[in-house]
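Chemist: File structure-v5.tsv follows (TSV, C-alpha atoms):
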```tsv
chain	number	residue	atom	x	y	z
A	1081	MET	CA	34.87	-14.56	2.67
A	1082	GLY	CA	37.85	-13.17	4.49
A	1083	LYS	CA	40.54	-14.94	6.41
A	1084	ASN	CA	38.92	-14.18	9.78
A	1085	SER	CA	35.37	-15.13	8.73
A	1086	CYS	CA	33.58	-17.35	11.25
A	1087	LYS	CA	31.80	-19.36	8.55
A	1088	PRO	CA	32.78	-22.99	8.15
A	1089	ARG	CA	34.88	-23.60	5.04
A	1090	GLY	CA	35.91	-26.70	3.21
A	1091	ILE	CA	34.62	-29.58	1.13
A	1092	GLN	CA	32.27	-31.02	3.77
A	1093	CYS	CA	30.56	-27.80	4.97
A	1094	GLY	CA	27.78	-27.36	2.36
A	1095	ARG	CA	25.00	-28.80	4.52
A	1096	LYS	CA	25.91	-26.66	7.53
A	1097	LEU	CA	26.00	-23.46	5.44
A	1098	ARG	CA	22.64	-24.28	3.82
A	1099	ILE	CA	20.93	-25.00	7.15
A	1100	HIS	CA	22.41	-21.87	8.75
A	1101	ARG	CA	21.18	-19.69	5.84
A	1102	ARG	CA	17.69	-21.25	6.11
A	1103	GLU	CA	17.53	-20.39	9.82
A	1104	GLN	CA	18.86	-16.85	9.37
A	1105	ARG	CA	16.33	-15.96	6.66
A	1106	TRP	CA	13.64	-15.82	9.35
A	1107	ALA	CA	15.27	-12.65	10.73
A	1108	ASP	CA	14.22	-10.84	7.54
A	1109	LYS	CA	10.78	-9.27	8.09
A	1110	LYS	CA	9.74	-9.41	4.44
A	1111	TYR	CA	10.69	-13.09	4.08
A	1112	LYS	CA	8.83	-13.97	7.26
A	1113	LYS	CA	5.57	-12.35	6.06
A	1114	VAL	CA	5.72	-14.10	2.68
A	1115	ALA	CA	6.65	-17.50	4.11
A	1116	ARG	CA	3.93	-17.46	6.77
A	1117	GLY	CA	1.30	-16.14	4.37
A	1118	THR	CA	0.41	-13.22	6.65
A	1119	ILE	CA	1.01	-10.80	3.76
A	1120	PHE	CA	-2.44	-11.76	2.50
A	1121	LYS	CA	-4.08	-11.35	5.91
A	1122	TYR	CA	-2.89	-7.90	6.98
A	1123	ASN	CA	-2.98	-6.27	3.52
A	1124	PRO	CA	-6.49	-5.19	2.41
A	1125	PHE	CA	-5.38	-5.61	-1.24
A	1126	ALA	CA	-4.50	-9.28	-0.49
A	1127	GLY	CA	-1.15	-9.09	-2.26
A	1128	SER	CA	-2.18	-7.13	-5.37
A	1129	SER	CA	-0.94	-3.64	-6.31
A	1130	HIS	CA	-4.32	-2.00	-6.99
A	1131	ALA	CA	-7.94	-2.59	-6.00
A	1132	LYS	CA	-11.35	-1.26	-7.00
A	1133	GLY	CA	-13.85	-0.02	-4.49
A	1134	ILE	CA	-17.02	1.98	-3.94
A	1135	VAL	CA	-16.86	5.40	-2.22
A	1136	VAL	CA	-18.78	5.28	1.05
A	1137	GLU	CA	-18.14	8.84	2.27
A	1138	LYS	CA	-15.87	11.84	1.89
A	1139	ILE	CA	-13.83	12.72	4.97
A	1140	GLY	CA	-11.30	15.33	6.03
A	1141	VAL	CA	-8.29	14.08	7.98
A	1142	GLU	CA	-6.41	16.56	10.15
A	1143	ALA	CA	-2.68	16.73	9.48
A	1144	LYS	CA	-0.20	15.83	12.20
A	1145	GLN	CA	1.73	18.49	14.11
A	1146	PRO	CA	3.44	20.88	13.29
A	1147	ASN	CA	1.29	21.15	10.11
A	1148	SER	CA	-2.23	22.49	10.20
A	1149	ALA	CA	-4.51	21.40	7.37
A	1150	ILE	CA	-7.44	19.17	6.54
A	1151	ARG	CA	-6.34	16.54	4.02
A	1152	LYS	CA	-9.12	15.42	1.70
A	1153	CYS	CA	-9.74	11.67	1.88
A	1154	VAL	CA	-12.47	9.17	1.07
A	1155	ARG	CA	-13.70	6.02	2.79
A	1156	VAL	CA	-13.80	3.20	0.27
A	1157	GLN	CA	-15.30	-0.28	0.53
A	1158	LEU	CA	-13.27	-2.70	-1.56
A	1159	ILE	CA	-15.19	-4.86	-4.03
A	1160	LYS	CA	-12.95	-7.93	-3.72
A	1161	ASN	CA	-13.31	-8.49	0.04
A	1162	GLY	CA	-15.64	-5.81	1.48
A	1163	LYS	CA	-12.97	-4.20	3.68
A	1164	LYS	CA	-13.28	-0.46	4.34
A	1165	ILE	CA	-10.15	1.69	3.96
A	1166	SER	CA	-9.28	5.38	3.89
A	1167	ALA	CA	-7.68	6.71	0.70
A	1168	PHE	CA	-6.08	10.10	0.05
A	1169	VAL	CA	-7.32	12.22	-2.87
A	1170	PRO	CA	-4.30	13.94	-4.45
A	1171	ASN	CA	-4.21	17.37	-6.15
A	1172	ASP	CA	-6.06	20.55	-5.29
A	1173	GLY	CA	-9.81	20.30	-5.81
A	1174	CYS	CA	-9.89	16.68	-7.01
A	1175	LEU	CA	-12.38	15.78	-4.28
A	1176	ASN	CA	-14.98	17.61	-6.43
A	1177	PHE	CA	-14.63	14.93	-9.13
A	1178	ILE	CA	-15.51	12.16	-6.67
A	1179	ASP	CA	-19.08	11.50	-5.61
A	1180	GLU	CA	-20.46	8.94	-3.19
A	1181	ASN	CA	-21.13	5.50	-4.72
A	1182	ASP	CA	-18.53	6.15	-7.46
A	1183	GLU	CA	-16.24	3.28	-8.42
A	1184	VAL	CA	-12.61	4.22	-7.75
A	1185	LEU	CA	-9.27	2.52	-8.33
A	1186	ILE	CA	-6.99	2.58	-5.27
A	1187	SER	CA	-3.23	2.04	-5.12
A	1188	GLY	CA	-0.64	2.11	-2.35
A	1189	PHE	CA	0.78	5.41	-1.17
A	1190	GLY	CA	4.44	4.59	-1.78
A	1191	ARG	CA	5.76	3.38	1.59
A	1192	LYS	CA	4.77	-0.27	1.39
A	1193	GLY	CA	1.91	-0.23	3.86
A	1194	HIS	CA	2.94	2.79	5.95
A	1195	ALA	CA	1.20	6.15	6.22
A	1196	VAL	CA	2.93	8.94	4.29
A	1197	GLY	CA	3.87	12.40	5.53
A	1198	ASP	CA	1.48	14.15	7.89
A	1199	ILE	CA	-1.64	12.11	7.10
A	1200	PRO	CA	-2.20	9.69	10.00
A	1201	GLY	CA	-3.57	6.23	9.22
A	1202	VAL	CA	-4.01	6.73	5.47
A	1203	ARG	CA	-1.99	4.16	3.48
A	1204	PHE	CA	-3.66	4.39	0.06
A	1205	LYS	CA	-4.47	6.94	-2.67
A	1206	VAL	CA	-7.11	7.30	-5.37
A	1207	VAL	CA	-5.86	6.79	-8.95
A	1208	LYS	CA	-8.99	6.57	-11.12
A	1209	VAL	CA	-12.64	7.59	-10.78
A	1210	ALA	CA	-15.29	5.82	-12.89
A	1211	GLY	CA	-12.54	4.43	-15.15
A	1212	VAL	CA	-10.98	7.86	-15.85
A	1213	SER	CA	-7.61	8.93	-14.47
A	1214	LEU	CA	-7.86	11.50	-11.68
A	1215	ARG	CA	-4.87	13.30	-13.19
A	1216	ALA	CA	-6.65	13.64	-16.56
A	1217	LEU	CA	-9.72	15.07	-14.82
A	1218	PHE	CA	-7.53	17.51	-12.88
A	1219	LEU	CA	-5.77	18.72	-16.06
A	1220	GLU	CA	-9.17	18.94	-17.83
A	1221	LYS	CA	-8.04	16.54	-20.59
A	1222	LYS	CA	-11.03	14.25	-20.04
A	1223	ASP	CA	-14.53	14.51	-18.64
A	1224	LYS	CA	-16.06	12.20	-16.10
A	1225	PRO	CA	-18.56	9.88	-17.83
A	1226	ARG	CA	-22.22	10.29	-16.94
A	1227	SER	CA	-23.57	7.37	-14.96
```
As structure tokens, how would this structure be written, given the file I've shared?
Modeler:
Amino acid sequence: MGKNSCKPRGIQCGRKLRIHRREQRWADKKYKKVARGTIFKYNPFAGSSHAKGIVVEKIGVEAKQPNSAIRKCVRVQLIKNGKKISAFVPNDGCLNFIDENDEVLISGFGRKGHAVGDIPGVRFKVVKVAGVSLRALFLEKKDKPRS
């Protein structure tokens, strides 16, 4: 604390500093979500990092301007709460490894609940299909188990 700081200083100021800090914490968006418990309401994963789901359909999402492409995605219904979300399928040709009614493992896309890059409204990505890593399938190190 500098000489020109506006904070109260001295032996008797502990309570005032503590109360002021408690009030100012509500300006932090992350703190507010955790304290109110809304982090569990707005997040389909309900606070966890990954979730399993069943593939409902394969979809192609058009990229935002100025890019022109169809990004391969899947609609997934989560097992834990029944919510339907869109998830991006990474790597070239990995959509061929995913069939409808497959069980997939979904994780976040890396921006803490925001869409990434030119894919509008897609906040999650596929990590595993039928218990096998999508990366291992792509590199042909493993085969997808027969079900």
Chemist: If we count all atoms listed in the file, what is near A:Gln1157 at a cut-off of 9 Å, once residues fewer than 2 positions away on the same chain are taken out, given as a VMD selection string?
Modeler: chain A and resid 1132 to 1136 1155 1159 1161 to 1166
Chemist: Using C-alpha atoms, can you export the residues from the last selection as a PDB file, in the coordinates of the input?
Modeler:
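Final file, again-v9.pdb:
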```pdb
ATOM      1  CA  LYS A1132     -11.350  -1.260  -7.000  1.00  0.00           C
ATOM      2  CA  GLY A1133     -13.850  -0.020  -4.490  1.00  0.00           C
ATOM      3  CA  ILE A1134     -17.020   1.980  -3.940  1.00  0.00           C
ATOM      4  CA  VAL A1135     -16.860   5.400  -2.220  1.00  0.00           C
ATOM      5  CA  VAL A1136     -18.780   5.280   1.050  1.00  0.00           C
ATOM      6  CA  ARG A1155     -13.700   6.020   2.790  1.00  0.00           C
ATOM      7  CA  ILE A1159     -15.190  -4.860  -4.030  1.00  0.00           C
ATOM      8  CA  ASN A1161     -13.310  -8.490   0.040  1.00  0.00           C
ATOM      9  CA  GLY A1162     -15.640  -5.810   1.480  1.00  0.00           C
ATOM     10  CA  LYS A1163     -12.970  -4.200   3.680  1.00  0.00           C
ATOM     11  CA  LYS A1164     -13.280  -0.460   4.340  1.00  0.00           C
ATOM     12  CA  ILE A1165     -10.150   1.690   3.960  1.00  0.00           C
ATOM     13  CA  SER A1166      -9.280   5.380   3.890  1.00  0.00           C
TER      14      SER A1166
END
```
Chemist: Got a sec: who's within 9 Å of A:Pro1225, counting only C-alpha atoms, leaving out chain neighbours fewer than 6 positions off, as a short mmCIF file (atom, residue, chain, number, x, y, z; two decimals) with C-alpha atoms, keeping the file's coordinate frame?
Modeler:
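Written file, part.cif:
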```cif
data_model
loop_
_atom_site.label_atom_id
_atom_site.label_comp_id
_atom_site.auth_asym_id
_atom_site.auth_seq_id
_atom_site.Cartn_x
_atom_site.Cartn_y
_atom_site.Cartn_z
CA ALA A 1210 -15.29 5.82 -12.89
CA GLY A 1211 -12.54 4.43 -15.15
CA VAL A 1212 -10.98 7.86 -15.85
#
```
Chemist: Mind giving me the axis-aligned box for stretch 1169-1183 of chain A with 6 Å on every side, centre plus edges in Å to one decimal, as lines of an AutoDock Vina configuration file?
Modeler:
```
center_x = -12.7
center_y = 11.9
center_z = -6.0
size_x = 28.9
size_y = 29.3
size_z = 18.3
```
Chemist: Tell me which protein, DNA and RNA residues are within 12 Å of stretch 1169-1174 of chain A, counting all atoms listed in the file, leaving out same-chain ones fewer than 3 positions away, and put them as a ChimeraX atom specification.
Modeler: /A:1135,1138-1141,1150-1156,1166,1177-1179,1184-1187,1189,1199,1202-1209,1213-1220,1224
Chemist: My list of candidates is A:Tyr1122, A:Lys1083, A:Ser1129, A:Asp1108. Which is closest to A:Gly1190 when distances are computed with all atoms listed in the file?
Modeler: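 Looking at the shortest contact to A:Gly1190, the residue is A:Ser1129.
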Chemist: Given all atoms listed in the file as the basis, pick out the residue of A:Ala1149, A:Gly1201, A:Arg1226, A:Gly1193 nearest to A:Ile1119.
Modeler: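 Smallest separation from A:Ile1119 among the options: A:Gly1193.
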Chemist: Just the number, please: distance in Å from atom CA of A:Gly1127 to atom CA of A:Lys1160, one decimal.
Modeler: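 Between these atoms lies a distance of 11.9 Å.
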Chemist: Can you work out the spacing between atom CA of A:Gln1145 and atom CA of A:Asp1198 in Å, to one decimal?
Modeler: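 Between atom CA of A:Gln1145 and atom CA of A:Asp1198 the gap works out to 7.6 Å.
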Chemist: Is there a way to complete stretch 1162-1182 of chain A with N, CA, C and O atoms and then write that out as a PDB file, keeping the file's coordinate frame?
Modeler:
```pdb
ATOM      1  N   GLY A1162     -14.716  -6.564   0.621  1.00  0.00           N
ATOM      2  CA  GLY A1162     -15.640  -5.810   1.480  1.00  0.00           C
ATOM      3  C   GLY A1162     -14.987  -5.011   2.589  1.00  0.00           C
ATOM      4  O   GLY A1162     -15.690  -4.419   3.410  1.00  0.00           O
ATOM      5  N   LYS A1163     -13.645  -4.967   2.632  1.00  0.00           N
ATOM      6  CA  LYS A1163     -12.970  -4.200   3.680  1.00  0.00           C
ATOM      7  C   LYS A1163     -13.082  -2.707   3.395  1.00  0.00           C
ATOM      8  O   LYS A1163     -13.050  -2.277   2.239  1.00  0.00           O
ATOM      9  N   LYS A1164     -13.196  -1.915   4.476  1.00  0.00           N
ATOM     10  CA  LYS A1164     -13.280  -0.460   4.340  1.00  0.00           C
ATOM     11  C   LYS A1164     -11.923   0.147   4.658  1.00  0.00           C
ATOM     12  O   LYS A1164     -11.325  -0.158   5.699  1.00  0.00           O
ATOM     13  N   ILE A1165     -11.449   1.032   3.765  1.00  0.00           N
ATOM     14  CA  ILE A1165     -10.150   1.690   3.960  1.00  0.00           C
ATOM     15  C   ILE A1165     -10.301   3.187   3.688  1.00  0.00           C
ATOM     16  O   ILE A1165     -11.249   3.611   3.025  1.00  0.00           O
ATOM     17  N   SER A1166      -9.350   3.958   4.194  1.00  0.00           N
ATOM     18  CA  SER A1166      -9.280   5.380   3.890  1.00  0.00           C
ATOM     19  C   SER A1166      -8.259   5.592   2.783  1.00  0.00           C
ATOM     20  O   SER A1166      -7.182   5.003   2.820  1.00  0.00           O
ATOM     21  N   ALA A1167      -8.587   6.439   1.809  1.00  0.00           N
ATOM     22  CA  ALA A1167      -7.680   6.710   0.700  1.00  0.00           C
ATOM     23  C   ALA A1167      -7.575   8.212   0.498  1.00  0.00           C
ATOM     24  O   ALA A1167      -8.581   8.926   0.548  1.00  0.00           O
ATOM     25  N   PHE A1168      -6.359   8.686   0.266  1.00  0.00           N
ATOM     26  CA  PHE A1168      -6.080  10.100   0.050  1.00  0.00           C
ATOM     27  C   PHE A1168      -6.449  10.488  -1.379  1.00  0.00           C
ATOM     28  O   PHE A1168      -6.233   9.716  -2.316  1.00  0.00           O
ATOM     29  N   VAL A1169      -7.006  11.694  -1.539  1.00  0.00           N
ATOM     30  CA  VAL A1169      -7.320  12.220  -2.870  1.00  0.00           C
ATOM     31  C   VAL A1169      -6.282  13.276  -3.212  1.00  0.00           C
ATOM     32  O   VAL A1169      -6.281  14.355  -2.625  1.00  0.00           O
ATOM     33  N   PRO A1170      -5.364  12.986  -4.152  1.00  0.00           N
ATOM     34  CA  PRO A1170      -4.300  13.940  -4.450  1.00  0.00           C
ATOM     35  C   PRO A1170      -4.797  15.121  -5.292  1.00  0.00           C
ATOM     36  O   PRO A1170      -5.882  15.078  -5.861  1.00  0.00           O
ATOM     37  N   ASN A1171      -3.984  16.151  -5.361  1.00  0.00           N
ATOM     38  CA  ASN A1171      -4.210  17.370  -6.150  1.00  0.00           C
ATOM     39  C   ASN A1171      -5.313  18.262  -5.563  1.00  0.00           C
ATOM     40  O   ASN A1171      -6.258  17.785  -4.939  1.00  0.00           O
ATOM     41  N   ASP A1172      -5.171  19.540  -5.845  1.00  0.00           N
ATOM     42  CA  ASP A1172      -6.060  20.550  -5.290  1.00  0.00           C
ATOM     43  C   ASP A1172      -7.415  20.516  -5.993  1.00  0.00           C
ATOM     44  O   ASP A1172      -7.487  20.679  -7.210  1.00  0.00           O
ATOM     45  N   GLY A1173      -8.468  20.273  -5.246  1.00  0.00           N
ATOM     46  CA  GLY A1173      -9.810  20.300  -5.810  1.00  0.00           C
ATOM     47  C   GLY A1173     -10.274  19.015  -6.457  1.00  0.00           C
ATOM     48  O   GLY A1173     -11.347  18.985  -7.065  1.00  0.00           O
ATOM     49  N   CYS A1174      -9.490  17.951  -6.371  1.00  0.00           N
ATOM     50  CA  CYS A1174      -9.890  16.680  -7.010  1.00  0.00           C
ATOM     51  C   CYS A1174     -11.018  15.991  -6.253  1.00  0.00           C
ATOM     52  O   CYS A1174     -11.642  15.084  -6.811  1.00  0.00           O
ATOM     53  N   LEU A1175     -11.272  16.390  -5.030  1.00  0.00           N
ATOM     54  CA  LEU A1175     -12.380  15.780  -4.280  1.00  0.00           C
ATOM     55  C   LEU A1175     -13.713  16.113  -4.953  1.00  0.00           C
ATOM     56  O   LEU A1175     -14.687  15.373  -4.815  1.00  0.00           O
ATOM     57  N   ASN A1176     -13.751  17.223  -5.727  1.00  0.00           N
ATOM     58  CA  ASN A1176     -14.980  17.610  -6.430  1.00  0.00           C
ATOM     59  C   ASN A1176     -15.348  16.641  -7.547  1.00  0.00           C
ATOM     60  O   ASN A1176     -16.500  16.568  -7.957  1.00  0.00           O
ATOM     61  N   PHE A1177     -14.369  15.892  -8.065  1.00  0.00           N
ATOM     62  CA  PHE A1177     -14.630  14.930  -9.130  1.00  0.00           C
ATOM     63  C   PHE A1177     -15.182  13.614  -8.589  1.00  0.00           C
ATOM     64  O   PHE A1177     -15.662  12.793  -9.362  1.00  0.00           O
ATOM     65  N   ILE A1178     -15.089  13.425  -7.266  1.00  0.00           N
ATOM     66  CA  ILE A1178     -15.510  12.160  -6.670  1.00  0.00           C
ATOM     67  C   ILE A1178     -16.837  12.349  -5.948  1.00  0.00           C
ATOM     68  O   ILE A1178     -16.980  13.263  -5.131  1.00  0.00           O
ATOM     69  N   ASP A1179     -17.788  11.495  -6.292  1.00  0.00           N
ATOM     70  CA  ASP A1179     -19.080  11.500  -5.610  1.00  0.00           C
ATOM     71  C   ASP A1179     -19.245  10.199  -4.855  1.00  0.00           C
ATOM     72  O   ASP A1179     -18.541   9.227  -5.109  1.00  0.00           O
ATOM     73  N   GLU A1180     -20.180  10.180  -3.917  1.00  0.00           N
ATOM     74  CA  GLU A1180     -20.460   8.940  -3.190  1.00  0.00           C
ATOM     75  C   GLU A1180     -21.029   7.909  -4.161  1.00  0.00           C
ATOM     76  O   GLU A1180     -21.708   8.255  -5.130  1.00  0.00           O
ATOM     77  N   ASN A1181     -20.729   6.656  -3.893  1.00  0.00           N
ATOM     78  CA  ASN A1181     -21.130   5.500  -4.720  1.00  0.00           C
ATOM     79  C   ASN A1181     -20.399   5.437  -6.056  1.00  0.00           C
ATOM     80  O   ASN A1181     -20.768   4.628  -6.912  1.00  0.00           O
ATOM     81  N   ASP A1182     -19.373   6.265  -6.265  1.00  0.00           N
ATOM     82  CA  ASP A1182     -18.530   6.150  -7.460  1.00  0.00           C
ATOM     83  C   ASP A1182     -17.599   4.952  -7.307  1.00  0.00           C
ATOM     84  O   ASP A1182     -17.192   4.609  -6.188  1.00  0.00           O
TER      85      ASP A1182
END
```
